[in-house]
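K.L.:
Right, I'll just put the structure down here and ask away after.
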Amino acid sequence: MRVLGIESSCDDCSVAVLSFEQGWSGKPDILSMCSHSQVALHHPYGGIVPEVASRDHLDQIFPVLQAALDQAGVKLSDIDLIAVTNRPGLVGSLLIGVTLAKSLHILHKIPVIPVHHLEGHLISPYLSNQDIPLPSVTLLVSGGHTELHLVKAAPHEWPSDFFSTSRLGRSRDDAAGEAFDKTAKQLGLPYPGGLYLDREAKLGDPAAFAFPRALGAKDTLDFSFSGLKTAVSDTITKMGPAAVQERFADLSASIQEAIVDALLRKTKLALEQTQAQSLCIVGGVAANSRLRARMRDELTVPVFTPEPVYCTDNAAMIALAGAARYFQFGALKPEAVFALNAHSAAKQ
Ligand code: KG4
Ligand code: ZN
């Protein structure tokens with residue numbers, strides 16, 4: 001079975017072709033994945049501008065589709081299933097992918113399955129490893145979400161409401177990705193802040209500044225990051241521009257350490273409470289070098305993280321999530337494909 005994945009929920013336009021030769025049991029072959037990042041386009045604004053994002057998806061989606069088909073050496077007539085992200089995200093951006101999927105369904109009669117973007121992130125470790133010891137805790141750290149999930153079964157057995165029913169805890173305010181992006185912006189770093197802060201932090205002392213670790217001592221598996229940006233803003237104002245430049249690397253390392261510490265504490269607690277056998281870290285922030293190193297050094301269970309290209313938004317994880325659903329529930333009926341729409345909210 002060949003699955004075409006389409007991802008356009010935010011600022012990455014991505015199409016992938018995956019092949020499943022042995023149903024769910026074998027590792028999928030990623031025949032191709034082509035992505036167009038809008039980072040340079042949004043750079044002058046210091047963040048994502050939704051209208052700019054959707055217009056660029058409209059420009060890019062056909063060339064990206066063609067490139068993914070060419071790279072895989074397949075034609076649309078070789079595709080057995082289309083998996084498309086339809087929530088959550090920027091509605092204007094999601095609509096481009098959803099409309100492409102519906103059009104291909106009408107023209108080529110290819111079955112369609114909608115995919116919850118965050119379920120795509122949750123399944124992403126399975127792109128390279130099918131043998132993750134269960135039960136497993138997954139730390140989901142994307143740009144807009146910071147959550148802990150308990151994974152008790154292989155993906156082709158996940159219930160239809162998996163994303164909401166597997167949740168152990170979540171951020172009560174900002175996501176870790178937002179904390180990275182907002183504090184990086186305060187320091188004058190470009191978007192996406194997490195990536196640049198990670199680079200700057202390598203040269204600094206993580207213990208130089210004591211930024212808050214909210215909810216750290218509490219028994220909850222929830223997170224809170226909104227206090228961090230206030231603390232960073234106060235520190236920057238008190239220091240003044242010259243001192244900030246002088247201590248730039250120390251500030252970066254200390255901000256990163258506060259975020260990583262908070263993620264680590266709650267992850268350890270979740271592993272203890274659930275007696276899980278492994279940890280997966282997924283989403284854009286999973287690419288953070290300090291987070292990856294400390295998780296591997298300080299945890300006793302095996303840690304699985306997708307390759308960096310599958311941590312950030314990508315169509316391969318969407319194709320895999322679509323296939324897992326298809327093996328269990330089948331594709332949408334044609335009338336449901338016609339009724340398919342895009343939704344900004346994460347609710348399933
Ligand atoms: O999962 P993702 O690509 O998009 C969403 O679905 O939101 O995550 C984007 C987030 C941004 O907040 C970005 O700053 C962060 O991932 N990010 C990082 C790193 N690379 C990307 N954060 C920390 N360290 C990194 N190396
Ligand atoms: Zn994402």
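Numbering starts fresh at 1 for the residues of each chain in the structure tokens, the chains themselves are lettered A, B, ... in the order given, and ligands are numbered from 1 as they appear.
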Could you please extract the residues within 6 Å of ligand 2, counting only C-alpha atoms and all ligand atoms, and hand them back as a list in words?

P.N.:
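These are the residues that qualify: Ser142, Gly283 and Asp313 of chain A.
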
K.L.:
With a distance cut-off of 9 Å and only C-alpha atoms, select the neighbouring residues of Ser37 (chain A), excluding the residue or stretch itself and same-chain residues fewer than 2 positions from it, and output the selection as a PyMOL selection string.

P.N.:
chain A and resi 11-14+35+39-41

K.L.:
From a backbone DSSP assignment, name each residue in region 90-216 of chain A labelled strand (DSSP E), as a ChimeraX atom specification.

P.N.:
/A:112-116,136-141,146-151,167-170

K.L.:
Could you tell me which of A:Val137, A:Leu332, A:Ala258, A:Cys10 comes closest to ligand 1 if we count only C-alpha atoms and all ligand atoms?

P.N.:
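Among A:Val137, A:Leu332, A:Ala258, A:Cys10, it is A:Cys10 that comes nearest to ligand 1.
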
K.L.:
Ligand 1: which residues are within 6 Å, counting only C-alpha atoms and all ligand atoms, as a count of residues only?

P.N.:
19

K.L.:
Could you give me, as a PyMOL selection string, the residues within 9 Å of region 117-120 of chain A, counting only C-alpha atoms and dropping anything in the same chain fewer than 2 positions from it?

P.N.:
chain A and resi 7+9+84-89+115+122-124+140+142+145+162-163+283+313-322+346

K.L.:
Restricted to N, CA, C and O atoms, what would the selected residues look like written as an mmCIF file, in the first residue's frame?

P.N.:
```
data_model
loop_
_atom_site.group_PDB
_atom_site.id
_atom_site.type_symbol
_atom_site.label_atom_id
_atom_site.label_comp_id
_atom_site.auth_asym_id
_atom_site.auth_seq_id
_atom_site.Cartn_x
_atom_site.Cartn_y
_atom_site.Cartn_z
ATOM 1 N N GLU A 7 0.808 17.741 4.596
ATOM 2 C CA GLU A 7 0.850 18.539 5.831
ATOM 3 C C GLU A 7 0.972 20.019 5.458
ATOM 4 O O GLU A 7 1.929 20.414 4.781
ATOM 5 N N SER A 9 -0.391 22.524 8.056
ATOM 6 C CA SER A 9 -1.137 23.124 9.167
ATOM 7 C C SER A 9 -0.568 24.463 9.643
ATOM 8 O O SER A 9 -1.271 25.255 10.246
ATOM 9 N N VAL A 84 -4.329 13.418 5.185
ATOM 10 C CA VAL A 84 -4.155 14.870 5.187
ATOM 11 C C VAL A 84 -4.456 15.447 6.569
ATOM 12 O O VAL A 84 -5.426 15.067 7.220
ATOM 13 N N THR A 85 -3.591 16.368 7.016
ATOM 14 C CA THR A 85 -3.839 17.050 8.297
ATOM 15 C C THR A 85 -5.057 17.955 8.149
ATOM 16 O O THR A 85 -5.093 18.798 7.248
ATOM 17 N N ASN A 86 -6.052 17.774 9.032
ATOM 18 C CA ASN A 86 -7.202 18.695 8.978
ATOM 19 C C ASN A 86 -7.434 19.417 10.303
ATOM 20 O O ASN A 86 -8.331 20.239 10.395
ATOM 21 N N ARG A 87 -6.574 19.155 11.322
ATOM 22 C CA ARG A 87 -6.640 19.881 12.599
ATOM 23 C C ARG A 87 -5.460 19.510 13.456
ATOM 24 O O ARG A 87 -4.887 18.456 13.228
ATOM 25 N N PRO A 88 -5.081 20.280 14.466
ATOM 26 C CA PRO A 88 -5.381 21.697 14.626
ATOM 27 C C PRO A 88 -4.341 22.499 13.861
ATOM 28 O O PRO A 88 -3.330 21.946 13.419
ATOM 29 N N GLY A 89 -4.557 23.806 13.726
ATOM 30 C CA GLY A 89 -3.590 24.644 13.018
ATOM 31 C C GLY A 89 -4.232 25.919 12.535
ATOM 32 O O GLY A 89 -5.332 26.286 12.971
ATOM 33 N N VAL A 115 -6.160 13.488 9.331
ATOM 34 C CA VAL A 115 -5.229 13.203 10.430
ATOM 35 C C VAL A 115 -5.156 14.396 11.380
ATOM 36 O O VAL A 115 -5.077 15.544 10.954
ATOM 37 N N LEU A 122 2.717 12.363 17.709
ATOM 38 C CA LEU A 122 2.795 11.243 18.668
ATOM 39 C C LEU A 122 3.277 9.954 17.997
ATOM 40 O O LEU A 122 3.935 9.130 18.621
ATOM 41 N N ILE A 123 2.952 9.791 16.728
ATOM 42 C CA ILE A 123 3.335 8.551 16.028
ATOM 43 C C ILE A 123 4.734 8.651 15.404
ATOM 44 O O ILE A 123 5.318 7.632 14.999
ATOM 45 N N SER A 124 5.315 9.855 15.361
ATOM 46 C CA SER A 124 6.548 10.060 14.594
ATOM 47 C C SER A 124 7.725 9.151 14.998
ATOM 48 O O SER A 124 8.516 8.784 14.125
ATOM 49 N N LEU A 140 5.200 15.442 24.277
ATOM 50 C CA LEU A 140 4.919 16.166 23.028
ATOM 51 C C LEU A 140 5.257 17.636 23.237
ATOM 52 O O LEU A 140 4.634 18.305 24.069
ATOM 53 N N SER A 142 5.597 20.587 20.794
ATOM 54 C CA SER A 142 5.555 21.275 19.499
ATOM 55 C C SER A 142 5.507 22.777 19.772
ATOM 56 O O SER A 142 5.588 23.219 20.916
ATOM 57 N N HIS A 145 2.014 23.262 21.679
ATOM 58 C CA HIS A 145 1.531 22.278 22.662
ATOM 59 C C HIS A 145 2.671 21.682 23.470
ATOM 60 O O HIS A 145 3.720 21.344 22.917
ATOM 61 N N PHE A 162 -7.792 8.872 20.515
ATOM 62 C CA PHE A 162 -6.515 8.636 21.195
ATOM 63 C C PHE A 162 -5.878 9.905 21.751
ATOM 64 O O PHE A 162 -5.406 9.939 22.889
ATOM 65 N N PHE A 163 -5.887 10.970 20.959
ATOM 66 C CA PHE A 163 -5.159 12.171 21.383
ATOM 67 C C PHE A 163 -5.684 12.704 22.712
ATOM 68 O O PHE A 163 -4.918 13.068 23.603
ATOM 69 N N GLY A 283 7.882 16.423 18.425
ATOM 70 C CA GLY A 283 7.553 17.832 18.182
ATOM 71 C C GLY A 283 8.826 18.644 17.985
ATOM 72 O O GLY A 283 9.936 18.169 18.285
ATOM 73 N N ASP A 313 7.428 19.878 11.794
ATOM 74 C CA ASP A 313 6.264 19.460 11.012
ATOM 75 C C ASP A 313 6.680 18.801 9.696
ATOM 76 O O ASP A 313 7.505 19.334 8.962
ATOM 77 N N ASN A 314 6.087 17.654 9.415
ATOM 78 C CA ASN A 314 6.450 16.904 8.208
ATOM 79 C C ASN A 314 5.319 15.990 7.786
ATOM 80 O O ASN A 314 4.494 15.574 8.604
ATOM 81 N N ALA A 315 5.300 15.659 6.489
ATOM 82 C CA ALA A 315 4.200 14.855 5.947
ATOM 83 C C ALA A 315 4.392 13.360 6.162
ATOM 84 O O ALA A 315 3.415 12.596 6.071
ATOM 85 N N ALA A 316 5.627 12.922 6.480
ATOM 86 C CA ALA A 316 5.835 11.481 6.687
ATOM 87 C C ALA A 316 5.046 11.004 7.908
ATOM 88 O O ALA A 316 4.404 9.953 7.887
ATOM 89 N N MET A 317 5.075 11.807 8.986
ATOM 90 C CA MET A 317 4.341 11.395 10.198
ATOM 91 C C MET A 317 2.824 11.414 9.938
ATOM 92 O O MET A 317 2.083 10.620 10.525
ATOM 93 N N ILE A 318 2.390 12.295 9.053
ATOM 94 C CA ILE A 318 0.947 12.368 8.739
ATOM 95 C C ILE A 318 0.537 11.139 7.930
ATOM 96 O O ILE A 318 -0.511 10.529 8.187
ATOM 97 N N ALA A 319 1.392 10.735 6.978
ATOM 98 C CA ALA A 319 1.115 9.525 6.191
ATOM 99 C C ALA A 319 1.060 8.305 7.112
ATOM 100 O O ALA A 319 0.185 7.442 6.980
ATOM 101 N N LEU A 320 1.984 8.246 8.081
ATOM 102 C CA LEU A 320 2.026 7.095 8.997
ATOM 103 C C LEU A 320 0.778 7.064 9.889
ATOM 104 O O LEU A 320 0.171 6.004 10.087
ATOM 105 N N ALA A 321 0.377 8.230 10.398
ATOM 106 C CA ALA A 321 -0.819 8.284 11.252
ATOM 107 C C ALA A 321 -2.062 7.899 10.443
ATOM 108 O O ALA A 321 -2.948 7.197 10.940
ATOM 109 N N GLY A 322 -2.119 8.339 9.186
ATOM 110 C CA GLY A 322 -3.250 7.985 8.319
ATOM 111 C C GLY A 322 -3.297 6.486 8.073
ATOM 112 O O GLY A 322 -4.357 5.853 8.133
ATOM 113 N N ALA A 346 -7.723 21.756 18.694
ATOM 114 C CA ALA A 346 -7.135 20.413 18.811
ATOM 115 C C ALA A 346 -8.169 19.362 19.194
ATOM 116 O O ALA A 346 -7.925 18.182 19.048
#
```

K.L.:
With distances taken over only C-alpha atoms, which of A:Val282, A:Ile236, A:Ala176, A:Leu197 is nearest to Val309 (chain A)?

P.N.:
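Of A:Val282, A:Ile236, A:Ala176, A:Leu197, the one nearest Val309 (chain A), counting only C-alpha atoms, is A:Val282.
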
K.L.:
At most 10 Å is the cut-off: for each residue in region 247-337 of chain A with any atom that close to an atom of region 156-159 of chain A, write down the nearest atom pair and the distance in Å rounded to one decimal, counting only C-alpha atoms, chain first then increasing number, as a tab-separated table.

P.N.:
```
residue	atom	partner	partner_atom	distance
A:Leu320	CA	A:His156	CA	9.9
A:Ala321	CA	A:His156	CA	8.7
A:Gly322	CA	A:His156	CA	9.8
A:Ala323	CA	A:His156	CA	8.1
A:Ala324	CA	A:His156	CA	4.4
A:Arg325	CA	A:His156	CA	6.3
A:Tyr326	CA	A:His156	CA	8.3
A:Phe327	CA	A:His156	CA	6.4
A:Gln328	CA	A:His156	CA	5.9
A:Phe329	CA	A:His156	CA	9.2
```

K.L.:
State, in Å with one decimal place, the distance from CA of Leu134 (chain A) to CA of Glu257 (chain A).

P.N.:
29.1 Å
